[in-house]
2 protein chains.
Amino acid sequence: MKKHDQDFMKRQNRLTVFEIIKNQRPISRASIAKQTGMSATTVSRIVGELTEEGYIQESEQVSAGLGRKSTLLGLVDGSVLSIGIELDRHAISVGIVDLQGNIVCSEVYSRLSEDSSTDTLERLGSIVLEMLERNAIKRNRVVGIGVGLPGIVNIEKGIVVFSVQLGWKNVRLSERLKELTGFEVAVDNELKVKALAEHLKGAAIGSNRTALIGFGNGVGSALIIEGGIYRGEMNSAGEIGHTTIDPNGMLCECGKPGCLQTYINISSLLSEANKIRPIHTIEELFDAYRVKEPWAVHLIDRALMYMSITVNNVVCMYNPDSVILSGELVDKFPEICSEVKELCSTRLVWEPLRESFSFHRSELNERGVVIGSGLLAQTRFFVLE
Amino acid sequence: MKKHDQDFMKRQNRLTVFEIIKNQRPISRASIAKQTGMSATTVSRIVGELTEEGYIQESEQVSAGLGRKSTLLGLVDGSVLSIGIELDRHAISVGIVDLQGNIVCSEVYSRLSEDSSTDTLERLGSIVLEMLERNAIKRNRVVGIGVGLPGIVNIEKGIVVFSVQLGWKNVRLSERLKELTGFEVAVDNELKVKALAEHLKGAAIGSNRTALIGFGNGVGSALIIEGGIYRGEMNSAGEIGHTTIDPNGMLCECGKPGCLQTYINISSLLSEANKIRPIHTIEELFDAYRVKEPWAVHLIDRALMYMSITVNNVVCMYNPDSVILSGELVDKFPEICSEVKELCSTRLVWEPLRESFSFHRSELNERGVVIGSGLLAQTRFFVLE
């Protein structure tokens, strides 16, 4: 085994021990060793580190047969908090998240789409520090910051490689935000942390293979396999919005014709609608749809069909046990979910897989990215330390 | 941790120990314990079991500092063989596969597409037993049989749930073939075992995320993530042939319009070609293409475009580090690979991911399924025992 793999295994072991204590507390060292197959020495070393750092404590002693005593381990209450941030073109949401994924407090700030990355990050730094002060939260309780945003993110280096929505390229987000706040910063694609949050706290608790689909300013998907985010080589798995659906179709902003998202995303729908009359918001388009203006019915019905095709294509590729629809369009227009579900169950999903998954609407809605980013920061902390 | 998870961890530990001995022999028990974090007791128990079963042996003693002696472990040569089978509509290929994935000997038999599952399995049973006898291979050296075939397979139960190509539904293949031969039988989808074989022995050695695409009588894909086959909930992940590409497209044999495979698979191509003149084989169609008959150029150029779209869509969904093209069309017509590669690298793959993967042609070609099935049987044996 290579050095790299050994380090990886050590970090994984640390996380495994912490997760077992978190989920099964109170629990003994011996029981942890038995469950994991780790040696008693390994378990004791990890428990020692976590105790010294103030995250776990010995909680009580119980008899373990034949007069021997076994000490049980538990968590130090409120020892772990993190900050979850959702960064989007027009908004910044910030929340303080606890170990159970509850949002302790949160705020939403508007953002101008022309704000530079430098300005945005400085503002983010101030927001975080002010929020901690206002809520009288001690710095040493906060294990780190997590940021979720649309785009391709290098999670190892904490760099936003490419984000059409933010207009960013190669922004060293983690480094800069750490300079500004002093906290470790994890950054990830928004749909990936959202899927993690729905898996841990929302619509897909207990699922082994969760596919989350987002319909909003873009179209994307994310896959959780047995508790972990499937990332792919460049953390770009799930980019279903740029799968080609029609080689003779409309040009996508990426330069390729017929990308799936050109039929679904908000900007494409508005740009099509404006061929008929001035339509400024997606709400106006849905108003026209609801009073059955023919062009709006055509546009939205077509979008619903392509949303159902998105579900089919995700199901064929990932074969998940649960599919969650999310994103601005789904949050704002509940009818989308029922219409897509109907189309999928009657016609548009491949017949052998039609019954193979459960269908959900996002439960965390617009809070998903903040919760997921906060949980990501916690996980990274326990794995990386 | 649940009982189920504990059993799973035990089996995984067994496989881990065996794989380390196989790849790093000669190696000491202490070194295995150090690498894996398993306790010395766990390692010794597993080594004891594997020695008793005749797969590993103590090979030599070396000094391990301060006069202590450490015993190194190795494999018993030729102790493990398995039988790999590829079952297709018109052919049955059978081979004996060793621990390194080499084919010791193999045979191909023709099959009539109207042969029942009962007849096919009885014939398979005789073929296997005769092959062992003819090659003077003792039964106790063979750890099991692996079968790869097109369709949806329940690998836990060894049932062929559904195979359009074979015309089978709910065939209890493993049970029957075990009755006929006495060997344990693992069965799986052909592209999944083929991807495993290319990953272990062929075009994608060392890759962490391999996507294999098959173009032949159907269109499908398979994903290997860090050495393991990604299966999904029903072992159906990768069914890209039934992703919808054009809601107004040709009807697929599955009953859905515009499935990707309708533009690419051999039967669709032949059925289109026969609108012009009688064309009986895919070779005749390519002959017409090579002499530039316009209708054939149209058909094949369209297929090449959709093959490139297949690559794009696989890359967007799985974000692999390697893509392997395989299948009858790719094996027979080498120009397909270069044409698709050219289209992908210039236009048809989403720009941010265009450089993110290496592009390969299958190296094992028509041997891939036999090798992969044989290796699958070996892996299952060491995990399940």
# chains A, B, ... in the order shown; residues from 1 in each chain; ligands from 1
$ interface_residues --of "chain B" --to "chain A" --cutoff "6 Å" --atoms "only C-alpha atoms" --output "MDAnalysis selection string"
chainID B and resid 37:39 232:233 236:240 243 245 313 316:321
$ calpha_fit_rmsd --fixed "chain A" --moving "chain B"
0.1 Å
$ closest_atom_pairs --of "stretch 208-286 of chain A" --to "stretch 290-300 of chain A" --cutoff "9 Å" --atoms "only C-alpha atoms" --output "CSV"
residue,atom,partner,partner_atom,distance
A:Tyr263,CA,A:Leu299,CA,8.5
A:Ile264,CA,A:Ile300,CA,8.5
A:Leu269,CA,A:Leu299,CA,7.2
A:Glu272,CA,A:Leu299,CA,7.9
A:Ala273,CA,A:Ala296,CA,7.3
A:Ile276,CA,A:Trp295,CA,7.8
A:Leu285,CA,A:Ala296,CA,6.7
A:Phe286,CA,A:Arg290,CA,6.0
$ residues_around --residues "B:Arg380" --least-positions-apart "6" --cutoff "12 Å" --atoms "only C-alpha atoms" --output "JSON, numbers by chain"
{"B": [11, 12, 14, 15, 82, 143, 144, 145, 146, 155, 156, 184, 185, 186, 187, 188, 373, 374]}
$ select_by_dssp --residues "stretch 196-353 of chain B" --states "strand (DSSP E)" --output "ChimeraX atom specification"
/B:209-215,219-225,228-229,322-326
$ decode --residues "stretch 319-332 of chain B" --atoms "all heavy atoms" --output "short mmCIF file (atom, residue, chain, number, x, y, z; two decimals), in the first residue's frame"
data_model
loop_
_atom_site.label_atom_id
_atom_site.label_comp_id
_atom_site.auth_asym_id
_atom_site.auth_seq_id
_atom_site.Cartn_x
_atom_site.Cartn_y
_atom_site.Cartn_z
N ASN B 319 -18.09 11.75 -15.42
CA ASN B 319 -16.79 12.44 -15.28
C ASN B 319 -15.65 11.44 -15.02
O ASN B 319 -14.94 11.52 -14.01
CB ASN B 319 -16.91 13.47 -14.13
CG ASN B 319 -15.73 14.43 -14.04
OD1 ASN B 319 -15.50 15.02 -13.01
ND2 ASN B 319 -14.96 14.58 -15.10
N PRO B 320 -15.47 10.50 -15.96
CA PRO B 320 -14.44 9.46 -15.77
C PRO B 320 -13.06 10.00 -16.14
O PRO B 320 -12.94 11.06 -16.75
CB PRO B 320 -14.86 8.40 -16.79
CG PRO B 320 -15.48 9.19 -17.91
CD PRO B 320 -16.17 10.37 -17.25
N ASP B 321 -12.01 9.24 -15.75
CA ASP B 321 -10.67 9.62 -16.24
C ASP B 321 -10.32 8.88 -17.53
O ASP B 321 -9.40 9.27 -18.23
CB ASP B 321 -9.59 9.43 -15.16
CG ASP B 321 -9.48 7.99 -14.66
OD1 ASP B 321 -10.01 7.08 -15.32
OD2 ASP B 321 -8.88 7.79 -13.60
N SER B 322 -11.05 7.80 -17.84
CA SER B 322 -10.82 7.06 -19.09
C SER B 322 -12.15 6.63 -19.70
O SER B 322 -13.04 6.22 -18.97
CB SER B 322 -10.04 5.77 -18.85
OG SER B 322 -9.15 5.89 -17.79
N VAL B 323 -12.21 6.71 -21.01
CA VAL B 323 -13.37 6.20 -21.74
C VAL B 323 -12.87 5.13 -22.70
O VAL B 323 -11.91 5.36 -23.44
CB VAL B 323 -14.07 7.32 -22.52
CG1 VAL B 323 -15.15 6.77 -23.43
CG2 VAL B 323 -14.66 8.36 -21.56
N ILE B 324 -13.50 3.96 -22.66
CA ILE B 324 -13.12 2.87 -23.56
C ILE B 324 -14.29 2.57 -24.49
O ILE B 324 -15.40 2.30 -24.02
CB ILE B 324 -12.81 1.58 -22.76
CG1 ILE B 324 -11.74 1.85 -21.70
CG2 ILE B 324 -12.36 0.46 -23.70
CD1 ILE B 324 -11.51 0.66 -20.78
N LEU B 325 -14.03 2.59 -25.79
CA LEU B 325 -15.07 2.15 -26.73
C LEU B 325 -14.89 0.67 -27.00
O LEU B 325 -13.78 0.19 -27.20
CB LEU B 325 -14.96 2.92 -28.05
CG LEU B 325 -15.12 4.44 -28.00
CD1 LEU B 325 -15.38 4.97 -29.42
CD2 LEU B 325 -16.23 4.86 -27.06
N SER B 326 -16.01 -0.06 -27.01
CA SER B 326 -15.95 -1.50 -27.24
C SER B 326 -17.19 -1.96 -27.97
O SER B 326 -18.05 -1.15 -28.31
CB SER B 326 -15.85 -2.24 -25.88
OG SER B 326 -17.10 -2.18 -25.23
N GLY B 327 -17.28 -3.24 -28.22
CA GLY B 327 -18.46 -3.80 -28.86
C GLY B 327 -18.21 -4.20 -30.30
O GLY B 327 -17.20 -3.83 -30.90
N GLU B 328 -19.16 -4.95 -30.85
CA GLU B 328 -19.00 -5.52 -32.19
C GLU B 328 -18.66 -4.47 -33.24
O GLU B 328 -17.78 -4.67 -34.09
CB GLU B 328 -20.29 -6.27 -32.57
CG GLU B 328 -20.15 -7.09 -33.83
CD GLU B 328 -21.42 -7.89 -34.17
OE1 GLU B 328 -22.24 -8.12 -33.24
OE2 GLU B 328 -21.58 -8.26 -35.35
N LEU B 329 -19.35 -3.32 -33.20
CA LEU B 329 -19.10 -2.29 -34.22
C LEU B 329 -17.66 -1.76 -34.12
O LEU B 329 -16.99 -1.56 -35.13
CB LEU B 329 -20.10 -1.14 -34.07
CG LEU B 329 -21.52 -1.45 -34.58
CD1 LEU B 329 -22.50 -0.35 -34.16
CD2 LEU B 329 -21.51 -1.59 -36.11
N VAL B 330 -17.21 -1.54 -32.90
CA VAL B 330 -15.86 -1.01 -32.69
C VAL B 330 -14.80 -2.06 -33.03
O VAL B 330 -13.76 -1.74 -33.62
CB VAL B 330 -15.72 -0.53 -31.22
CG1 VAL B 330 -14.30 -0.10 -30.91
CG2 VAL B 330 -16.71 0.58 -30.93
N ASP B 331 -15.08 -3.33 -32.67
CA ASP B 331 -14.12 -4.40 -32.98
C ASP B 331 -13.98 -4.60 -34.48
O ASP B 331 -12.89 -4.80 -35.00
CB ASP B 331 -14.58 -5.73 -32.34
CG ASP B 331 -14.50 -5.70 -30.81
OD1 ASP B 331 -13.84 -4.79 -30.27
OD2 ASP B 331 -15.11 -6.58 -30.17
N LYS B 332 -15.10 -4.52 -35.20
CA LYS B 332 -15.07 -4.81 -36.64
C LYS B 332 -14.60 -3.66 -37.50
O LYS B 332 -14.06 -3.86 -38.58
CB LYS B 332 -16.46 -5.25 -37.11
CG LYS B 332 -16.81 -6.67 -36.71
CD LYS B 332 -18.12 -7.12 -37.34
CE LYS B 332 -18.37 -8.59 -37.07
NZ LYS B 332 -19.79 -8.94 -37.25
#
